[in-house]
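I have placed the structure first, in the form of structure tokens, so that the comments after it can refer back to it.
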Amino acid sequence: MTKYVYRFGGGANDGGAGNKNLLGGKGANLDGMASIGLPVPPGFTISTEMCTRYYQDGEVFPDSLKAEVAEGLAHIEGVTGKRFGDAADPLLVSVRSGARVSMPGMMDTVLNLGLNDETVQGLAQVSGDERFAWDSYRRFVQMYSDVVLGLDHDAFEEALEIMKEDNGFFSDTEMEAKHWKALVGEYKALVEDQWGKPFPQDVNDQLWGAVAAVFGSWQSERAKVYRRLNDIPSEWGTAVNVQAMVFGNMGDTSATGVAFTRNPSTGENLYYGEFLINAQGEDVVAGIRTPQYLTRQAREEANAKPLSMEEAMPETYAELARVFDILEKHYRDMQDIEFTVERGKLWMLQTRSGKRTAKAALRIAVEMANEGLITEEEAIARVDPMALDQLLHPSLDPSAARDVLTKGLPASPGAASGIIVFDADTAERRNEMGDAVILVRIETSPEDIHGMHAARGILTARGGMTSHAAVVARGMGRPCVSGAGSLSIDTKERVLRIGKRELREGDTITIDGASGEVMLGEVPTVQPELVGDFGVLMGWADKVRRLKVRTNAETPEDCRVARDFGAEGIGLCRTEHMFFEASRITSVRQMILAEDEAGRRAALEKLLPEQRGDFHSIFEVMAGLPVTIRLLDPPLHEFLPHSESEFAEVAEAAGVGVEVLKRRANELHEFNPMLGHRGCRLGVTYPEIYEMQARAIFEAACDVAEKSGAAPIPEVMIPLVATRRELELMKKVVDTAAELVFAEKGRRIDYLVGTMIELPRAALMADEIAEVGEFFSFGTNDLTQTTLGVSRDDAGRFLTQYVDKGIFARDPFVSLDVEGVGQLIEIAVEKGRRTRAGIKLGICGEHGGDPASIAFCETAGLDYVSASPYRVPIARLAAAQAALKKG
């Protein structure tokens, strides 16, 4: 019989080595902390395998699980000396989720479970604190009603606010036992009104309801969105952790907090965190109360008055600091820790590898390697390549004028400008319209995940630097300012007030997540300086990676950016982008609409010097490096005139009538142009087009070689080839042009002629095509379209649902379809090398900057990947990680 329940704490260690795949991250780490003697409240974990079975069996539990859970409860009772449901001295438990990777705030938790109308009396008696007991009961009723029963959370919040207003209270801590008792009565009435039944009094019913709710939250909409954004497979499931409660709300000698062993924003090797006296964990992470600082130094730097934990609880803080050092050395990574102090005794509730910004990840990885805690190879593996994107974009210009409206907590670094929006749905909608938005909330909740992803930055009125908003923002790389207490947000009127100033939805603000400042309007930015830890880690990565990294670029500016980021050549220069420039579009249209070769050559003569100048400026930046140039690829209809004025302009340039041109344009119309007259089909039909482009390439290359002494290495790429004969014809055009130029210039340069593999037939016939082609570059954008029969431009309407339903693991235009498209690439690699052993193989679609796709390229044995300029560092690091993984 399969085992589903694993005990921990109190001398038990059923999980052994702490398998995260089986126990989830939280369960594995609770087991791990208990095994090294740290103070962990006893409990048990229901495994991720049970979650998978729960959904397979139609969301019901097997009878065998009930017996295992009973044994788990008996273990907790044996360690604590308390009994579950005992009216005199009740055992209370927490029920928490725990996926194998951290998903902060995305799934559900229930605290104080085991309280009812009888056990609350016993808790009051045994604790000697009636206020604490009724406070715990009201928290439980409210949380259970929200998480398990699915009732209106706001109704309970409103009842609490009314209770405080009626009694003239500002803070929850002012409430006395009689007030909490009265509020419990109101909460229970709300349950009966909304649910139609009394609040559950049977503690076992409570427990199974909570376990089912936590498993159920794995398929909540917010969890699905988070998994989609972070490439977490839906089949992994979550574990459920049931653990004895310890209480941070038992008076002034009790507290709760969240802490990091290093600063998760900067990576600085200083303890970082927040705590609250006389509170429970949700008060810190949900942003309900603004917490106090953990260390005296942090409090003084923030000029805050409430005492830090180091000052208010010096002995407990010293023990906590000792635990920090033990955990960081044990797990060899920066830890994110949840703890509770119950009447002076420290309890560890959770540890996990902490979410961190890219800047912090780099610093922590490099410093830990220098400290000897991890190796250079481990440091490379520790940094998420996609997180580097946070470092590669501008920050606020320090010399720019700033109209500072207010200041909050610097919760996630970086700067962003955008229009104010007050809810997640609006943020998503306005982002889809092309607007940059700043999501402004009183406090964020897990339901806001889609809006946080759509926003450029996040601003909250409440919450600390370990609140939901801060943790999720850091994980996403979004700038965040939290706890800006001077904000007054009226979500109904869609108004933000700061003192006497009033801003409405749609007004522009700028936030600086490094300083906590909130500014009116848009503040200019400056480019980042990628030195220090970034340079060190990139150097380590370059030592171990095998794949070369090139860039997709067609302007000198992009080329320079890419070279600064470490690009080793150009993997895709799209020449059609050059044709769209206003100064030459008329000549392009004249060439397309010409009715004979003479007319086309007349237009091409005008384009030749322009095209030569394009390549000259690129070759100057890329002197000495390979430059893959794709000859004209898109269907001709993309260049055609549309308005009367455009037709008139082309007619004048060509010396023909407007009606003649309109007739010609109508002749060129295609029903499915993406599969029509484009790519090498243009070159076969009109070879003079490719002849002109080849001549421009070789003239520019010879000129730069003569001027700089470092010749570029042109790789002329013929697009959309399906047959050997197509490539053979086009290679002859290119070679003929090259020989003419070399004769005229009196010098030769090395060059290659190859093709882009973007049709399934080309992949399947790669052995024949390689007889002519000297290199293959896999154009995975079109190869994905033609293999799946899915238009990249239109697929957005249904791809999200395909990912949610598990049809595709990920968007195939973002991350390569390894099983299908990848198989075609592997066939082409094998067949191409069988014919031409030294054939150069690369990838130049958008997948060239995707770490998962790069890992496939390493496995498939490609020679290089090519990515957009700002993705070059991402590709360098991902290539190093892929090489290390392949080993």
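Starting from 1 in every chain, residues are counted up; chains themselves are A, B, ... following the order of the structure tokens, and ligands are numbered from 1 as listed.
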Residues of segment 59-267 of chain A in strand (DSSP E or B) according to DSSP, as a PDB file with all heavy atoms, in the first residue's frame?
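File written: selection-v2.pdb
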ATOM      1  N   ARG A  83      -4.615  17.086  23.051  1.00  0.00           N
ATOM      2  CA  ARG A  83      -5.450  16.224  22.215  1.00  0.00           C
ATOM      3  C   ARG A  83      -6.315  17.070  21.285  1.00  0.00           C
ATOM      4  O   ARG A  83      -6.860  18.099  21.684  1.00  0.00           O
ATOM      5  CB  ARG A  83      -6.328  15.315  23.074  1.00  0.00           C
ATOM      6  CG  ARG A  83      -5.523  14.236  23.800  1.00  0.00           C
ATOM      7  CD  ARG A  83      -6.420  13.313  24.605  1.00  0.00           C
ATOM      8  NE  ARG A  83      -7.417  12.644  23.776  1.00  0.00           N
ATOM      9  CZ  ARG A  83      -7.157  11.584  23.015  1.00  0.00           C
ATOM     10  NH1 ARG A  83      -5.924  11.079  22.984  1.00  0.00           N
ATOM     11  NH2 ARG A  83      -8.106  11.027  22.281  1.00  0.00           N
ATOM     12  N   PHE A  84      -6.414  16.608  20.054  1.00  0.00           N
ATOM     13  CA  PHE A  84      -7.221  17.283  19.035  1.00  0.00           C
ATOM     14  C   PHE A  84      -8.693  17.186  19.407  1.00  0.00           C
ATOM     15  O   PHE A  84      -9.237  16.085  19.582  1.00  0.00           O
ATOM     16  CB  PHE A  84      -6.957  16.615  17.678  1.00  0.00           C
ATOM     17  CG  PHE A  84      -7.473  17.369  16.481  1.00  0.00           C
ATOM     18  CD1 PHE A  84      -7.173  18.709  16.291  1.00  0.00           C
ATOM     19  CD2 PHE A  84      -8.242  16.728  15.514  1.00  0.00           C
ATOM     20  CE1 PHE A  84      -7.623  19.401  15.174  1.00  0.00           C
ATOM     21  CE2 PHE A  84      -8.703  17.402  14.391  1.00  0.00           C
ATOM     22  CZ  PHE A  84      -8.397  18.746  14.223  1.00  0.00           C
ATOM     23  N   PRO A  90      -6.991  21.898  24.233  1.00  0.00           N
ATOM     24  CA  PRO A  90      -7.076  21.462  22.838  1.00  0.00           C
ATOM     25  C   PRO A  90      -5.754  21.612  22.072  1.00  0.00           C
ATOM     26  O   PRO A  90      -5.006  22.562  22.287  1.00  0.00           O
ATOM     27  CB  PRO A  90      -8.138  22.383  22.246  1.00  0.00           C
ATOM     28  CG  PRO A  90      -8.029  23.643  23.051  1.00  0.00           C
ATOM     29  CD  PRO A  90      -7.688  23.186  24.449  1.00  0.00           C
ATOM     30  N   LEU A  91      -5.521  20.641  21.166  1.00  0.00           N
ATOM     31  CA  LEU A  91      -4.452  20.761  20.191  1.00  0.00           C
ATOM     32  C   LEU A  91      -5.001  21.535  18.996  1.00  0.00           C
ATOM     33  O   LEU A  91      -6.035  21.165  18.434  1.00  0.00           O
ATOM     34  CB  LEU A  91      -4.000  19.371  19.725  1.00  0.00           C
ATOM     35  CG  LEU A  91      -3.085  19.337  18.486  1.00  0.00           C
ATOM     36  CD1 LEU A  91      -1.728  19.963  18.800  1.00  0.00           C
ATOM     37  CD2 LEU A  91      -2.917  17.911  17.973  1.00  0.00           C
ATOM     38  N   VAL A  93      -3.970  23.080  15.100  1.00  0.00           N
ATOM     39  CA  VAL A  93      -3.003  22.834  14.029  1.00  0.00           C
ATOM     40  C   VAL A  93      -3.162  23.862  12.916  1.00  0.00           C
ATOM     41  O   VAL A  93      -4.218  24.492  12.769  1.00  0.00           O
ATOM     42  CB  VAL A  93      -3.161  21.414  13.427  1.00  0.00           C
ATOM     43  CG1 VAL A  93      -2.882  20.348  14.472  1.00  0.00           C
ATOM     44  CG2 VAL A  93      -4.539  21.226  12.810  1.00  0.00           C
ATOM     45  N   SER A  94      -2.099  24.007  12.152  1.00  0.00           N
ATOM     46  CA  SER A  94      -2.146  24.765  10.904  1.00  0.00           C
ATOM     47  C   SER A  94      -2.182  23.763   9.756  1.00  0.00           C
ATOM     48  O   SER A  94      -1.644  22.655   9.875  1.00  0.00           O
ATOM     49  CB  SER A  94      -0.923  25.671  10.763  1.00  0.00           C
ATOM     50  OG  SER A  94       0.264  24.893  10.736  1.00  0.00           O
ATOM     51  N   VAL A  95      -2.837  24.139   8.673  1.00  0.00           N
ATOM     52  CA  VAL A  95      -2.893  23.305   7.473  1.00  0.00           C
ATOM     53  C   VAL A  95      -2.387  24.174   6.327  1.00  0.00           C
ATOM     54  O   VAL A  95      -3.028  25.155   5.947  1.00  0.00           O
ATOM     55  CB  VAL A  95      -4.321  22.798   7.199  1.00  0.00           C
ATOM     56  CG1 VAL A  95      -4.340  21.900   5.968  1.00  0.00           C
ATOM     57  CG2 VAL A  95      -4.865  22.043   8.411  1.00  0.00           C
ATOM     58  N   ARG A  96      -1.213  23.816   5.787  1.00  0.00           N
ATOM     59  CA  ARG A  96      -0.555  24.662   4.791  1.00  0.00           C
ATOM     60  C   ARG A  96      -0.199  23.858   3.545  1.00  0.00           C
ATOM     61  O   ARG A  96       0.039  22.665   3.607  1.00  0.00           O
ATOM     62  CB  ARG A  96       0.740  25.261   5.365  1.00  0.00           C
ATOM     63  CG  ARG A  96       0.569  26.123   6.598  1.00  0.00           C
ATOM     64  CD  ARG A  96       1.942  26.452   7.184  1.00  0.00           C
ATOM     65  NE  ARG A  96       1.886  27.184   8.432  1.00  0.00           N
ATOM     66  CZ  ARG A  96       2.049  28.489   8.541  1.00  0.00           C
ATOM     67  NH1 ARG A  96       2.296  29.207   7.459  1.00  0.00           N
ATOM     68  NH2 ARG A  96       1.993  29.081   9.711  1.00  0.00           N
ATOM     69  N   SER A  97      -0.098  24.581   2.446  1.00  0.00           N
ATOM     70  CA  SER A  97       0.332  23.969   1.191  1.00  0.00           C
ATOM     71  C   SER A  97       1.852  23.857   1.168  1.00  0.00           C
ATOM     72  O   SER A  97       2.536  24.385   2.039  1.00  0.00           O
ATOM     73  CB  SER A  97      -0.129  24.828   0.010  1.00  0.00           C
ATOM     74  OG  SER A  97       0.483  26.105   0.095  1.00  0.00           O
ATOM     75  N   GLY A  98       2.361  23.207   0.130  1.00  0.00           N
ATOM     76  CA  GLY A  98       3.817  23.103  -0.029  1.00  0.00           C
ATOM     77  C   GLY A  98       4.175  22.410  -1.319  1.00  0.00           C
ATOM     78  O   GLY A  98       4.394  21.196  -1.340  1.00  0.00           O
ATOM     79  N   ALA A  99       4.236  23.164  -2.414  1.00  0.00           N
ATOM     80  CA  ALA A  99       4.651  22.598  -3.694  1.00  0.00           C
ATOM     81  C   ALA A  99       6.156  22.364  -3.683  1.00  0.00           C
ATOM     82  O   ALA A  99       6.877  22.855  -2.812  1.00  0.00           O
ATOM     83  CB  ALA A  99       4.273  23.542  -4.834  1.00  0.00           C
ATOM     84  N   THR A 109      -3.910  28.455   3.041  1.00  0.00           N
ATOM     85  CA  THR A 109      -3.465  28.088   4.382  1.00  0.00           C
ATOM     86  C   THR A 109      -4.635  28.286   5.346  1.00  0.00           C
ATOM     87  O   THR A 109      -5.418  29.224   5.189  1.00  0.00           O
ATOM     88  CB  THR A 109      -2.290  28.988   4.825  1.00  0.00           C
ATOM     89  OG1 THR A 109      -1.151  28.695   4.017  1.00  0.00           O
ATOM     90  CG2 THR A 109      -1.937  28.780   6.283  1.00  0.00           C
ATOM     91  N   VAL A 110      -4.738  27.414   6.336  1.00  0.00           N
ATOM     92  CA  VAL A 110      -5.713  27.588   7.415  1.00  0.00           C
ATOM     93  C   VAL A 110      -4.965  27.464   8.735  1.00  0.00           C
ATOM     94  O   VAL A 110      -4.263  26.473   8.969  1.00  0.00           O
ATOM     95  CB  VAL A 110      -6.842  26.543   7.342  1.00  0.00           C
ATOM     96  CG1 VAL A 110      -7.808  26.738   8.504  1.00  0.00           C
ATOM     97  CG2 VAL A 110      -7.589  26.636   6.017  1.00  0.00           C
ATOM     98  N   LEU A 111      -5.112  28.471   9.595  1.00  0.00           N
ATOM     99  CA  LEU A 111      -4.466  28.479  10.905  1.00  0.00           C
ATOM    100  C   LEU A 111      -5.501  28.302  12.012  1.00  0.00           C
ATOM    101  O   LEU A 111      -6.695  28.520  11.803  1.00  0.00           O
ATOM    102  CB  LEU A 111      -3.716  29.803  11.122  1.00  0.00           C
ATOM    103  CG  LEU A 111      -2.670  30.185  10.079  1.00  0.00           C
ATOM    104  CD1 LEU A 111      -2.058  31.541  10.429  1.00  0.00           C
ATOM    105  CD2 LEU A 111      -1.588  29.134   9.972  1.00  0.00           C
ATOM    106  N   ASN A 112      -5.025  27.900  13.203  1.00  0.00           N
ATOM    107  CA  ASN A 112      -5.858  27.796  14.413  1.00  0.00           C
ATOM    108  C   ASN A 112      -6.954  26.746  14.278  1.00  0.00           C
ATOM    109  O   ASN A 112      -7.984  26.821  14.950  1.00  0.00           O
ATOM    110  CB  ASN A 112      -6.483  29.155  14.757  1.00  0.00           C
ATOM    111  CG  ASN A 112      -5.457  30.250  14.917  1.00  0.00           C
ATOM    112  OD1 ASN A 112      -4.500  30.094  15.666  1.00  0.00           O
ATOM    113  ND2 ASN A 112      -5.631  31.354  14.197  1.00  0.00           N
ATOM    114  N   LEU A 113      -6.734  25.761  13.397  1.00  0.00           N
ATOM    115  CA  LEU A 113      -7.774  24.761  13.175  1.00  0.00           C
ATOM    116  C   LEU A 113      -7.885  23.848  14.404  1.00  0.00           C
ATOM    117  O   LEU A 113      -6.870  23.413  14.964  1.00  0.00           O
ATOM    118  CB  LEU A 113      -7.444  23.937  11.932  1.00  0.00           C
ATOM    119  CG  LEU A 113      -8.552  23.024  11.431  1.00  0.00           C
ATOM    120  CD1 LEU A 113      -8.576  23.006   9.899  1.00  0.00           C
ATOM    121  CD2 LEU A 113      -8.390  21.595  11.940  1.00  0.00           C
ATOM    122  N   THR A 238       0.668  19.629  -5.091  1.00  0.00           N
ATOM    123  CA  THR A 238       1.191  20.208  -3.863  1.00  0.00           C
ATOM    124  C   THR A 238       1.069  19.202  -2.733  1.00  0.00           C
ATOM    125  O   THR A 238       0.205  18.319  -2.767  1.00  0.00           O
ATOM    126  CB  THR A 238       0.431  21.486  -3.474  1.00  0.00           C
ATOM    127  OG1 THR A 238       0.995  22.036  -2.272  1.00  0.00           O
ATOM    128  CG2 THR A 238      -1.048  21.208  -3.220  1.00  0.00           C
ATOM    129  N   ALA A 239       1.938  19.316  -1.749  1.00  0.00           N
ATOM    130  CA  ALA A 239       1.776  18.562  -0.507  1.00  0.00           C
ATOM    131  C   ALA A 239       0.923  19.394   0.448  1.00  0.00           C
ATOM    132  O   ALA A 239       0.658  20.575   0.203  1.00  0.00           O
ATOM    133  CB  ALA A 239       3.143  18.272   0.108  1.00  0.00           C
ATOM    134  N   VAL A 240       0.471  18.764   1.529  1.00  0.00           N
ATOM    135  CA  VAL A 240      -0.244  19.469   2.596  1.00  0.00           C
ATOM    136  C   VAL A 240       0.487  19.196   3.905  1.00  0.00           C
ATOM    137  O   VAL A 240       0.782  18.034   4.226  1.00  0.00           O
ATOM    138  CB  VAL A 240      -1.709  19.007   2.709  1.00  0.00           C
ATOM    139  CG1 VAL A 240      -2.374  19.630   3.940  1.00  0.00           C
ATOM    140  CG2 VAL A 240      -2.484  19.382   1.458  1.00  0.00           C
ATOM    141  N   ASN A 241       0.805  20.259   4.633  1.00  0.00           N
ATOM    142  CA  ASN A 241       1.519  20.134   5.903  1.00  0.00           C
ATOM    143  C   ASN A 241       0.581  20.465   7.061  1.00  0.00           C
ATOM    144  O   ASN A 241       0.014  21.571   7.099  1.00  0.00           O
ATOM    145  CB  ASN A 241       2.726  21.075   5.924  1.00  0.00           C
ATOM    146  CG  ASN A 241       3.705  20.755   4.811  1.00  0.00           C
ATOM    147  OD1 ASN A 241       4.404  19.761   4.866  1.00  0.00           O
ATOM    148  ND2 ASN A 241       3.729  21.593   3.778  1.00  0.00           N
ATOM    149  N   VAL A 242       0.402  19.522   7.963  1.00  0.00           N
ATOM    150  CA  VAL A 242      -0.415  19.715   9.164  1.00  0.00           C
ATOM    151  C   VAL A 242       0.543  19.761  10.342  1.00  0.00           C
ATOM    152  O   VAL A 242       1.322  18.815  10.561  1.00  0.00           O
ATOM    153  CB  VAL A 242      -1.440  18.579   9.331  1.00  0.00           C
ATOM    154  CG1 VAL A 242      -2.268  18.793  10.601  1.00  0.00           C
ATOM    155  CG2 VAL A 242      -2.347  18.484   8.106  1.00  0.00           C
ATOM    156  N   GLN A 243       0.495  20.859  11.095  1.00  0.00           N
ATOM    157  CA  GLN A 243       1.528  21.108  12.106  1.00  0.00           C
ATOM    158  C   GLN A 243       0.907  21.726  13.348  1.00  0.00           C
ATOM    159  O   GLN A 243      -0.031  22.529  13.251  1.00  0.00           O
ATOM    160  CB  GLN A 243       2.581  22.051  11.516  1.00  0.00           C
ATOM    161  CG  GLN A 243       3.828  22.243  12.344  1.00  0.00           C
ATOM    162  CD  GLN A 243       4.863  23.088  11.609  1.00  0.00           C
ATOM    163  OE1 GLN A 243       4.544  23.816  10.669  1.00  0.00           O
ATOM    164  NE2 GLN A 243       6.111  23.006  12.026  1.00  0.00           N
ATOM    165  N   ALA A 244       1.437  21.358  14.497  1.00  0.00           N
ATOM    166  CA  ALA A 244       0.961  21.949  15.747  1.00  0.00           C
ATOM    167  C   ALA A 244       1.125  23.455  15.714  1.00  0.00           C
ATOM    168  O   ALA A 244       2.167  23.961  15.292  1.00  0.00           O
ATOM    169  CB  ALA A 244       1.731  21.358  16.926  1.00  0.00           C
ATOM    170  N   ALA A 255       5.676  36.850  19.422  1.00  0.00           N
ATOM    171  CA  ALA A 255       5.841  37.605  18.180  1.00  0.00           C
ATOM    172  C   ALA A 255       5.860  36.636  17.005  1.00  0.00           C
ATOM    173  O   ALA A 255       5.950  35.417  17.178  1.00  0.00           O
ATOM    174  CB  ALA A 255       7.140  38.411  18.209  1.00  0.00           C
ATOM    175  N   THR A 256       5.802  37.201  15.823  1.00  0.00           N
ATOM    176  CA  THR A 256       5.922  36.406  14.604  1.00  0.00           C
ATOM    177  C   THR A 256       6.703  37.216  13.584  1.00  0.00           C
ATOM    178  O   THR A 256       6.711  38.449  13.635  1.00  0.00           O
ATOM    179  CB  THR A 256       4.528  36.024  14.063  1.00  0.00           C
ATOM    180  OG1 THR A 256       4.672  35.088  12.999  1.00  0.00           O
ATOM    181  CG2 THR A 256       3.785  37.236  13.529  1.00  0.00           C
ATOM    182  N   GLY A 257       7.374  36.521  12.666  1.00  0.00           N
ATOM    183  CA  GLY A 257       8.163  37.278  11.705  1.00  0.00           C
ATOM    184  C   GLY A 257       8.576  36.469  10.493  1.00  0.00           C
ATOM    185  O   GLY A 257       8.430  35.251  10.431  1.00  0.00           O
ATOM    186  N   VAL A 258       9.085  37.200   9.521  1.00  0.00           N
ATOM    187  CA  VAL A 258       9.639  36.641   8.291  1.00  0.00           C
ATOM    188  C   VAL A 258      11.030  37.246   8.126  1.00  0.00           C
ATOM    189  O   VAL A 258      11.205  38.463   8.285  1.00  0.00           O
ATOM    190  CB  VAL A 258       8.766  36.983   7.071  1.00  0.00           C
ATOM    191  CG1 VAL A 258       9.418  36.481   5.797  1.00  0.00           C
ATOM    192  CG2 VAL A 258       7.370  36.396   7.230  1.00  0.00           C
ATOM    193  N   ALA A 259      12.010  36.418   7.824  1.00  0.00           N
ATOM    194  CA  ALA A 259      13.379  36.928   7.742  1.00  0.00           C
ATOM    195  C   ALA A 259      14.153  36.222   6.638  1.00  0.00           C
ATOM    196  O   ALA A 259      13.818  35.109   6.226  1.00  0.00           O
ATOM    197  CB  ALA A 259      14.085  36.727   9.082  1.00  0.00           C
ATOM    198  N   PHE A 260      15.177  36.901   6.159  1.00  0.00           N
ATOM    199  CA  PHE A 260      16.090  36.362   5.155  1.00  0.00           C
ATOM    200  C   PHE A 260      17.500  36.407   5.723  1.00  0.00           C
ATOM    201  O   PHE A 260      17.862  37.377   6.403  1.00  0.00           O
ATOM    202  CB  PHE A 260      16.031  37.187   3.874  1.00  0.00           C
ATOM    203  CG  PHE A 260      14.704  37.146   3.173  1.00  0.00           C
ATOM    204  CD1 PHE A 260      13.648  37.944   3.587  1.00  0.00           C
ATOM    205  CD2 PHE A 260      14.505  36.304   2.082  1.00  0.00           C
ATOM    206  CE1 PHE A 260      12.425  37.922   2.942  1.00  0.00           C
ATOM    207  CE2 PHE A 260      13.285  36.269   1.427  1.00  0.00           C
ATOM    208  CZ  PHE A 260      12.242  37.078   1.855  1.00  0.00           C
TER     209      PHE A 260
END
Do you know which residues are at most 10 Å from Ala852 of chain A counting only C-alpha atoms, after dropping those on the same chain fewer than 6 positions away, and could you put them as a VMD selection string? chain A and resid 231 814 to 816 818 878 to 879 882
File of the preceding selection, all heavy atoms, as a PDB file, in the first residue's frame:
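Result written to again.pdb:
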ATOM      1  N   ASP A 231       6.657  28.477 -15.539  1.00  0.00           N
ATOM      2  CA  ASP A 231       6.930  27.174 -16.159  1.00  0.00           C
ATOM      3  C   ASP A 231       6.949  26.037 -15.140  1.00  0.00           C
ATOM      4  O   ASP A 231       7.863  25.199 -15.125  1.00  0.00           O
ATOM      5  CB  ASP A 231       8.261  27.205 -16.922  1.00  0.00           C
ATOM      6  CG  ASP A 231       8.196  28.113 -18.139  1.00  0.00           C
ATOM      7  OD1 ASP A 231       7.105  28.254 -18.703  1.00  0.00           O
ATOM      8  OD2 ASP A 231       9.233  28.686 -18.509  1.00  0.00           O
ATOM      9  N   VAL A 814       7.173  30.648 -27.398  1.00  0.00           N
ATOM     10  CA  VAL A 814       8.062  31.188 -26.363  1.00  0.00           C
ATOM     11  C   VAL A 814       9.135  30.171 -26.011  1.00  0.00           C
ATOM     12  O   VAL A 814      10.312  30.496 -25.900  1.00  0.00           O
ATOM     13  CB  VAL A 814       7.251  31.579 -25.104  1.00  0.00           C
ATOM     14  CG1 VAL A 814       8.183  31.982 -23.964  1.00  0.00           C
ATOM     15  CG2 VAL A 814       6.275  32.705 -25.430  1.00  0.00           C
ATOM     16  N   SER A 815       8.721  28.912 -25.837  1.00  0.00           N
ATOM     17  CA  SER A 815       9.650  27.846 -25.501  1.00  0.00           C
ATOM     18  C   SER A 815       9.443  26.706 -26.485  1.00  0.00           C
ATOM     19  O   SER A 815       8.319  26.271 -26.731  1.00  0.00           O
ATOM     20  CB  SER A 815       9.409  27.366 -24.060  1.00  0.00           C
ATOM     21  OG  SER A 815      10.495  26.585 -23.612  1.00  0.00           O
ATOM     22  N   LEU A 816      10.513  26.235 -27.062  1.00  0.00           N
ATOM     23  CA  LEU A 816      10.466  25.295 -28.178  1.00  0.00           C
ATOM     24  C   LEU A 816       9.665  24.036 -27.858  1.00  0.00           C
ATOM     25  O   LEU A 816       9.797  23.450 -26.774  1.00  0.00           O
ATOM     26  CB  LEU A 816      11.893  24.908 -28.562  1.00  0.00           C
ATOM     27  CG  LEU A 816      12.062  24.131 -29.872  1.00  0.00           C
ATOM     28  CD1 LEU A 816      11.770  25.021 -31.064  1.00  0.00           C
ATOM     29  CD2 LEU A 816      13.497  23.599 -29.955  1.00  0.00           C
ATOM     30  N   VAL A 818       9.789  20.760 -27.953  1.00  0.00           N
ATOM     31  CA  VAL A 818      10.902  19.819 -28.091  1.00  0.00           C
ATOM     32  C   VAL A 818      10.449  18.496 -28.703  1.00  0.00           C
ATOM     33  O   VAL A 818      11.145  17.904 -29.528  1.00  0.00           O
ATOM     34  CB  VAL A 818      11.571  19.592 -26.716  1.00  0.00           C
ATOM     35  CG1 VAL A 818      12.582  18.456 -26.774  1.00  0.00           C
ATOM     36  CG2 VAL A 818      12.247  20.880 -26.248  1.00  0.00           C
ATOM     37  N   ALA A 878      22.438  30.741 -19.787  1.00  0.00           N
ATOM     38  CA  ALA A 878      21.661  29.525 -20.030  1.00  0.00           C
ATOM     39  C   ALA A 878      22.506  28.469 -20.743  1.00  0.00           C
ATOM     40  O   ALA A 878      22.396  27.273 -20.455  1.00  0.00           O
ATOM     41  CB  ALA A 878      20.418  29.849 -20.864  1.00  0.00           C
ATOM     42  N   ALA A 879      23.361  28.911 -21.667  1.00  0.00           N
ATOM     43  CA  ALA A 879      24.237  27.970 -22.369  1.00  0.00           C
ATOM     44  C   ALA A 879      25.229  27.321 -21.405  1.00  0.00           C
ATOM     45  O   ALA A 879      25.529  26.124 -21.502  1.00  0.00           O
ATOM     46  CB  ALA A 879      24.982  28.682 -23.494  1.00  0.00           C
ATOM     47  N   ALA A 882      23.313  24.805 -19.371  1.00  0.00           N
ATOM     48  CA  ALA A 882      23.015  23.623 -20.181  1.00  0.00           C
ATOM     49  C   ALA A 882      24.244  22.721 -20.300  1.00  0.00           C
ATOM     50  O   ALA A 882      24.148  21.489 -20.226  1.00  0.00           O
ATOM     51  CB  ALA A 882      22.534  24.052 -21.563  1.00  0.00           C
TER      52      ALA A 882
END
Excluding Leu391 of chain A and its own-chain neighbours fewer than 2 positions away, which residues fall within 7 Å of it when counting only C-alpha atoms? Please give them as JSON, numbers by chain. {"A": [358, 359, 388, 389, 393, 528]}
Could those residues be written to a file, using N, CA, C and O atoms, as a compact mmCIF listing (two decimals), in the first residue's frame?
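After the write, part_31.txt holds the following:
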# COMPACT_ATOMS: atom_id res chain seq x y z
N ALA A 358 17.51 39.89 -9.35
CA ALA A 358 18.66 39.46 -10.14
C ALA A 358 19.95 40.02 -9.56
O ALA A 358 20.97 39.33 -9.50
N LYS A 359 19.90 41.28 -9.15
CA LYS A 359 21.09 41.90 -8.56
C LYS A 359 21.53 41.13 -7.32
O LYS A 359 22.72 40.84 -7.13
N LEU A 388 18.07 37.88 -15.27
CA LEU A 388 19.04 38.90 -15.69
C LEU A 388 18.38 40.05 -16.42
O LEU A 388 18.92 41.15 -16.49
N ASP A 389 17.21 39.78 -16.98
CA ASP A 389 16.48 40.81 -17.71
C ASP A 389 16.27 42.05 -16.84
O ASP A 389 16.21 43.17 -17.33
N HIS A 393 18.12 46.66 -18.32
CA HIS A 393 17.30 47.78 -18.78
C HIS A 393 17.57 49.03 -17.95
O HIS A 393 18.15 48.96 -16.88
N PRO A 528 22.04 50.77 -17.81
CA PRO A 528 22.74 50.12 -16.70
C PRO A 528 24.22 49.93 -16.98
O PRO A 528 24.65 49.92 -18.14
